[in-house]
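Just coords_16.tsv here, TSV, C-alpha atoms:
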```tsv
chain	number	residue	atom	x	y	z
A	107	MET	CA	7.40	17.66	20.70
A	108	GLY	CA	4.35	17.80	18.39
A	109	SER	CA	2.85	14.72	20.03
A	110	LEU	CA	3.33	16.22	23.49
A	111	ARG	CA	1.66	19.41	22.35
A	112	LEU	CA	-1.26	17.44	20.89
A	113	HIS	CA	-1.68	15.54	24.17
A	114	PHE	CA	-1.60	18.78	26.14
A	115	VAL	CA	-4.23	20.39	23.88
A	116	SER	CA	-6.39	17.26	24.15
A	117	LEU	CA	-6.08	17.29	27.95
A	118	MET	CA	-7.00	20.97	28.11
A	119	PHE	CA	-9.99	20.32	25.86
A	120	LEU	CA	-11.14	17.50	28.15
A	121	VAL	CA	-10.77	19.66	31.28
A	122	LEU	CA	-12.69	22.50	29.68
A	123	LEU	CA	-15.34	20.08	28.46
A	124	VAL	CA	-15.84	18.73	31.98
A	125	LEU	CA	-16.00	22.23	33.42
A	126	ALA	CA	-18.46	23.33	30.75
A	127	THR	CA	-20.79	20.42	31.33
A	128	ALA	CA	-20.68	20.92	35.10
A	129	ALA	CA	-22.10	24.43	34.79
A	130	ASP	CA	-25.39	25.23	33.06
A	131	THR	CA	-23.82	27.24	30.25
A	132	ALA	CA	-22.81	27.04	26.61
A	133	PHE	CA	-19.23	26.15	25.79
A	134	LEU	CA	-18.16	26.44	22.15
A	135	VAL	CA	-15.26	24.41	20.77
A	136	VAL	CA	-14.07	25.80	17.44
A	137	HIS	CA	-11.77	23.95	15.04
A	138	LYS	CA	-10.24	25.62	11.98
A	139	LYS	CA	-8.37	23.74	9.27
A	140	ALA	CA	-6.97	24.73	5.89
A	141	ALA	CA	-6.03	22.76	2.80
A	142	LEU	CA	-3.82	24.05	-0.03
A	143	GLN	CA	-5.01	23.52	-3.60
A	144	LYS	CA	-2.88	24.19	-6.66
A	145	VAL	CA	-4.72	26.02	-9.45
A	146	LYS	CA	-3.55	27.43	-12.74
A	147	GLY	CA	-1.41	30.47	-11.95
A	148	GLY	CA	-1.58	30.20	-8.17
A	149	GLU	CA	-2.63	28.43	-5.05
A	150	ARG	CA	-5.91	28.48	-3.13
A	151	VAL	CA	-6.52	27.88	0.53
A	152	ASN	CA	-9.75	26.07	1.38
A	153	VAL	CA	-10.69	26.96	4.96
A	154	ALA	CA	-13.20	24.97	7.01
A	155	ILE	CA	-14.35	26.03	10.49
A	156	THR	CA	-16.47	23.80	12.69
A	157	LEU	CA	-18.27	25.00	15.82
A	158	HIS	CA	-19.50	22.56	18.46
A	159	ASN	CA	-21.48	23.47	21.57
A	160	ALA	CA	-20.03	21.18	24.23
A	161	GLY	CA	-21.97	22.91	27.00
A	162	SER	CA	-25.37	22.15	28.48
A	163	ALA	CA	-27.16	25.35	27.40
A	164	THR	CA	-27.99	26.95	24.05
A	165	ALA	CA	-25.71	29.65	22.63
A	166	TYR	CA	-27.58	32.56	21.02
A	167	ASP	CA	-26.55	35.19	18.45
A	168	VAL	CA	-23.46	33.22	17.42
A	169	SER	CA	-21.11	35.17	15.15
A	170	LEU	CA	-17.93	33.86	13.56
A	171	THR	CA	-15.21	36.17	12.26
A	172	ASP	CA	-11.94	35.07	10.68
A	173	ASP	CA	-9.74	38.10	9.96
A	174	THR	CA	-6.66	35.96	9.35
A	175	TRP	CA	-6.56	36.61	5.61
A	176	PRO	CA	-5.27	40.16	4.84
A	177	SER	CA	-6.40	41.54	1.49
A	178	ALA	CA	-2.80	42.41	0.57
A	179	LEU	CA	-1.87	38.70	0.63
A	180	PHE	CA	-5.16	36.95	-0.24
A	181	SER	CA	-8.25	37.52	-2.34
A	182	LEU	CA	-11.58	35.96	-1.42
A	183	VAL	CA	-12.68	33.47	-4.09
A	184	SER	CA	-15.83	31.98	-2.59
A	185	GLY	CA	-17.83	32.27	0.63
A	186	ASN	CA	-17.34	34.83	3.40
A	187	THR	CA	-14.84	35.08	6.21
A	188	SER	CA	-17.67	35.75	8.66
A	189	ARG	CA	-21.00	34.07	9.43
A	190	THR	CA	-23.80	34.33	11.97
A	191	TRP	CA	-26.29	31.84	13.37
A	192	GLU	CA	-29.37	32.60	15.46
A	193	LYS	CA	-28.56	29.85	17.96
A	194	LEU	CA	-26.49	26.75	18.52
A	195	GLU	CA	-28.20	24.11	20.66
A	196	ALA	CA	-26.32	22.19	23.38
A	197	GLY	CA	-24.51	19.30	21.70
A	198	GLY	CA	-25.08	20.82	18.26
A	199	SER	CA	-22.55	21.63	15.55
A	200	GLN	CA	-22.30	24.09	12.66
A	201	SER	CA	-19.76	24.35	9.85
A	202	HIS	CA	-18.60	27.19	7.66
A	203	SER	CA	-16.14	27.22	4.77
A	204	PHE	CA	-14.64	29.67	2.33
A	205	THR	CA	-11.79	29.82	-0.18
A	206	VAL	CA	-9.07	32.44	-0.60
A	207	GLU	CA	-6.39	32.70	-3.27
A	208	ALA	CA	-2.81	33.64	-2.45
A	209	ARG	CA	-1.36	36.75	-4.05
A	210	SER	CA	2.21	36.18	-2.89
A	211	LYS	CA	4.35	33.23	-1.95
A	212	GLY	CA	5.97	32.41	1.35
A	213	PRO	CA	5.21	30.91	4.72
A	214	PHE	CA	1.93	31.95	6.33
A	215	SER	CA	0.60	31.15	9.78
A	216	GLY	CA	-3.04	31.92	10.47
A	217	SER	CA	-4.34	33.19	13.77
A	218	PRO	CA	-7.46	31.75	15.41
A	219	ALA	CA	-10.95	32.69	14.27
A	220	VAL	CA	-13.11	34.49	16.85
A	221	VAL	CA	-16.60	33.38	17.80
A	222	LYS	CA	-18.85	35.60	19.93
A	223	TYR	CA	-22.08	34.35	21.44
A	224	ARG	CA	-24.63	35.11	24.11
A	225	VAL	CA	-25.78	32.83	26.91
A	226	ALA	CA	-29.23	33.29	28.48
A	227	SER	CA	-27.85	33.27	32.03
A	228	LYS	CA	-25.21	35.99	31.37
A	229	SER	CA	-25.60	39.48	29.98
A	230	ALA	CA	-22.05	39.87	28.58
A	231	LEU	CA	-21.02	38.40	25.23
A	232	GLN	CA	-18.87	35.30	25.49
A	233	GLU	CA	-15.87	34.63	23.23
A	234	ALA	CA	-14.35	31.46	21.88
A	235	PHE	CA	-11.25	31.09	19.74
A	236	SER	CA	-10.57	28.44	17.12
A	237	THR	CA	-7.48	26.35	16.84
A	238	PRO	CA	-4.71	28.26	15.02
A	239	LEU	CA	-3.53	27.13	11.63
A	240	PRO	CA	-0.18	25.41	11.28
A	241	LEU	CA	2.44	27.04	9.09
A	242	LEU	CA	1.31	26.99	5.45
A	243	ASP	CA	4.03	27.08	2.80
A	244	ILE	CA	2.12	28.91	0.08
A	245	LEU	CA	3.38	28.79	-3.51
A	246	SER	CA	6.63	27.30	-2.33
A	247	ASP	CA	9.16	25.90	-4.74
A	248	LYS	CA	9.23	22.37	-3.42
A	249	PRO	CA	12.20	20.29	-4.57
A	250	ALA	CA	11.32	17.32	-6.73
A	251	GLU	CA	11.12	14.09	-4.78
A	252	LYS	CA	13.86	11.61	-5.51
A	253	LYS	CA	12.12	8.55	-6.85
A	254	TYR	CA	13.50	5.06	-7.17
A	255	ASP	CA	16.37	5.02	-9.64
A	256	TRP	CA	15.44	2.29	-12.12
A	257	LYS	CA	18.72	2.73	-14.00
A	258	LEU	CA	20.64	1.19	-11.10
A	259	ALA	CA	18.17	-1.69	-10.86
A	260	VAL	CA	18.51	-2.43	-14.57
A	261	LYS	CA	22.30	-2.13	-14.50
A	262	TYR	CA	23.07	-4.09	-11.31
A	263	GLY	CA	19.89	-6.17	-10.82
A	264	PRO	CA	21.05	-9.32	-12.65
A	265	LEU	CA	24.39	-9.23	-10.81
A	266	VAL	CA	22.64	-8.97	-7.44
A	267	ILE	CA	20.38	-11.91	-8.31
A	268	VAL	CA	23.32	-14.14	-9.38
A	269	VAL	CA	25.34	-13.27	-6.26
A	270	THR	CA	22.30	-13.99	-4.07
A	271	ILE	CA	21.67	-17.39	-5.68
A	272	VAL	CA	25.35	-18.40	-5.41
A	273	GLY	CA	25.42	-17.26	-1.79
A	274	LEU	CA	22.32	-19.30	-0.92
A	275	PHE	CA	23.76	-22.36	-2.69
A	276	ILE	CA	27.03	-22.11	-0.72
A	277	TYR	CA	25.09	-21.62	2.52
A	278	LEU	CA	23.06	-24.76	1.86
A	279	LEU	CA	26.23	-26.79	1.11
A	280	ILE	CA	28.10	-25.61	4.19
A	281	SER	CA	25.34	-25.71	6.79
A	282	PRO	CA	24.45	-29.19	8.04
A	283	SER	CA	20.86	-30.22	7.77
A	284	LYS	CA	18.69	-30.70	10.85
A	285	SER	CA	18.00	-34.32	10.01
A	286	ALA	CA	21.76	-35.07	9.88
A	287	LYS	CA	22.27	-33.47	13.31
A	288	HIS	CA	19.28	-35.35	14.67
A	289	SER	CA	20.53	-38.74	13.37
A	290	ARG	CA	24.02	-38.14	14.88
A	291	LEU	CA	22.48	-37.41	18.28
A	292	ASN	CA	20.41	-40.60	18.10
A	293	LYS	CA	23.53	-42.69	17.25
A	294	LYS	CA	25.41	-41.28	20.25
A	295	ARG	CA	22.54	-42.13	22.61
A	296	ARG	CA	22.51	-45.84	21.53
```
Turn the structure described in the file into C-alpha cells.
Amino acid sequence: MGSLRLHFVSLMFLVLLVLATAADTAFLVVHKKAALQKVKGGERVNVAITLHNAGSATAYDVSLTDDTWPSALFSLVSGNTSRTWEKLEAGGSQSHSFTVEARSKGPFSGSPAVVKYRVASKSALQEAFSTPLPLLDILSDKPAEKKYDWKLAVKYGPLVIVVTIVGLFIYLLISPSKSAKHSRLNKKRR
C-alpha cells in the first residue's frame, strides 16, 4: 500500500512538472521531512524544508510558513517556523530548517507547510503545499529489541556441531560417489 502511494505521488509530481514546464510560470515543489533526536529529558524534532522551482519562470516574494507545531505541544529550540526569500529562480532550490522540542508524548502527524509566492505574469498570490509528515511517535516507550540469545548458543552449540558432523559423515558413507557411478556406467557400455 505504501509503495503504491509513493508511485502515485511520484506520478502526480511528474504530471505537474510537465504541466509547469509547458507554461511560462513558476511551479514550486516543497518537501518537508523530520527526524527525531533523543536529548536529555526529552525528544527534539529536526525539521528540514526544501523548496524547488520546477517551473520556467522566477517566483518572487516567496514566503514559507509551517504552523504544524502548536506551542502547547512543542517549544521552538532553534530557527524559525517561517522564512521569506526575495525570489527563487527557475530551476533553483532553497532550504530551511528549525528544531522544536516535544512537551508531551504520543503520536503526532504534521500537516503540510504553506508556501506563498508571486509570479510576474499573474497578479494573485500562488500557493504551494509541502509533503505532509508521516506519523511521528514522540517520546514513545519503545519495547527493547530482542537480541540474539547467546545463552542458547553456548548451551546447545557444541551439541549442534557434533550432530551436524555425524550427519555429514553418515551422508558421505551412504551416498555413492560420482566416480563410482561413472565407472559402473562405463563397464555396462563395454
7 Å contact set for A:Val225, all atoms listed in the file, chain neighbours under 5 positions out, as a ChimeraX atom specification: /A:131-132,164-166
Would you write out those residues with C-alpha atoms, as an mmCIF file, in the coordinates of the input?
```
data_model
loop_
_atom_site.group_PDB
_atom_site.id
_atom_site.type_symbol
_atom_site.label_atom_id
_atom_site.label_comp_id
_atom_site.auth_asym_id
_atom_site.auth_seq_id
_atom_site.Cartn_x
_atom_site.Cartn_y
_atom_site.Cartn_z
ATOM 1 C CA THR A 131 -23.820 27.240 30.250
ATOM 2 C CA ALA A 132 -22.810 27.040 26.610
ATOM 3 C CA THR A 164 -27.990 26.950 24.050
ATOM 4 C CA ALA A 165 -25.710 29.650 22.630
ATOM 5 C CA TYR A 166 -27.580 32.560 21.020
#
```
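A straight line drawn from atom CA of A:Phe204 to atom CA of A:Thr187 is 6.7 Å long.
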Between A:Ser199, A:Gln143, A:Ser188, A:Thr205, single out the one closest to A:His158, counting only C-alpha atoms. A:Ser199
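Protein and nucleic acid residues near (-6.0, 33.5, 15.1) are A:Asp172, A:Asp173, A:Thr174, A:Ser215, A:Gly216, A:Ser217, A:Pro218, A:Ala219, A:Val220, A:Phe235, A:Ser236, A:Thr237, A:Pro238, A:Leu239, the criterion being any atom at most 9 Å away using only C-alpha atoms.
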Taking all atoms listed in the file into account, which of A:Glu207, A:Asp243, A:Asp167, A:Asp130 comes nearest A:Arg224?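 Nearest to A:Arg224: A:Asp167.
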For atom CA of A:Arg189 and atom CA of A:Ser169, the interatomic separation in Å (one decimal):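 Straight-line distance from atom CA of A:Arg189 to atom CA of A:Ser169 works out to 5.8 Å.
Atom to atom, atom CA of A:Ala163 and atom CA of A:His137 stand 19.8 Å apart.
Across A:Leu179, A:Ala196, A:Val135, A:Ala208, the tightest approach to A:Gly147 is made by A:Ala208 when counting only C-alpha atoms.
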Could you pull the residues within 9 Å of A:Leu242, counting only C-alpha atoms, minus those fewer than 2 positions along the same chain, as a PyMOL selection string? chain A and resi 140-142+212-216+239-240+244
Pick from A:Val221, A:Ile276, A:Val151, A:Val266: nearest to A:Trp191, with only C-alpha atoms counted? A:Val221
If you count all atoms listed in the file, which residues fall within 8 Å of A:Ala154, apart from same-chain ones fewer than 4 positions away, as a VMD selection string? chain A and resid 138 to 140 201 to 204
